[in-house]
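What follows is a single structure, written as structure tokens, with notes after it.
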Amino acid sequence: MKRIFILIILVNIFTTYCFAETVIFNTKTHKYHKPGCIWAIKCTVNCIKLEKKDAVKHGGIPCKVCGG
Ligand SMILES: [Zn+2]
């Protein structure tokens, strides 16, 4: 039972990162980054996690380093 629970969590993480395309959106500069981008990691104050399509909807600009 515990194994199934862990599996569900892993699948959830996988789908969040691979299918929904979660990006790190900077609310101040309106740039969005891939979760692994150095600028996304450095950005701790004004950044929120969003789906890529929502970031674009909010006027997001893809990061020049990671491509968004
Ligand atoms: Zn970036």
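Letters for chains follow the order of the structure tokens (A, B, ...), residue numbers begin at 1 for each chain, and ligand numbers begin at 1 in the order shown.
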As a list in words, please: all residues of chain A that backbone DSSP puts in strand (DSSP E or B).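 Restricting chain A to strand (DSSP E or B) produces Thr22, Val23, Ile24, Phe25, Asn26, Lys31, Tyr32, His33, Cys47, Ile48, Lys49, Leu50, Glu51, Ile61 and Pro62 of chain A.
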As a quick test: using only C-alpha atoms and all ligand atoms, which residues lie no more than 6 Å away from ligand 1? Give them as a list in words. His33, Lys34, Cys37, Trp39, Ala40, Cys63, Val65, Cys66 and Gly68 of chain A
Let's see if you can do this: from backbone DSSP, list all helix (DSSP H, G or I) residues in chain A, as a ChimeraX atom specification. /A:2-18,38-42,52-57
Determine, counting only C-alpha atoms, which protein, DNA and RNA residues have an atom within 12 Å of an atom of A:Lys31; residues of the same chain fewer than 6 positions away are not included. Present the result as a list of chain:residue names.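 With the cut-off at 12 Å, the set is A:Val23, A:Ile24, A:Phe25, A:Cys37, A:Trp39, A:Ala40, A:Cys43, A:Asn46, A:Cys47, A:Ile48, A:Lys49, A:Leu50, A:Lys52, A:Ala55, A:Val56, A:His58, A:Gly59, A:Gly60, A:Ile61, A:Pro62, A:Cys63, A:Lys64, A:Val65, A:Cys66, A:Gly67, A:Gly68.
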At what distance in Å, to one decimal, does atom CA of A:Lys57 lie from atom CA of A:His30? 10.8 Å
With distances taken over only C-alpha atoms, which of A:Val45, A:Ile13, A:Ile6, A:Glu51 is nearest to A:Lys28?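 Selected residue with least distance to A:Lys28: A:Val45.
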In Å and to one decimal, atom CA of A:Ala20 is distant from atom CA of A:Ile8 by 16.3 Å
Check the smallest atom-to-atom distance from each of A:Val11, A:Lys53, A:Phe5, A:Thr44 to A:Thr27 using only C-alpha atoms, then report the winner.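 Of all the options, A:Thr44 lies closest to A:Thr27.
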Pairwise distance for atom CA of A:Thr22 and atom CA of A:Asp54, rounded to one decimal in Å: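 One can read the atom CA of A:Thr22 to atom CA of A:Asp54 distance as 9.4 Å.
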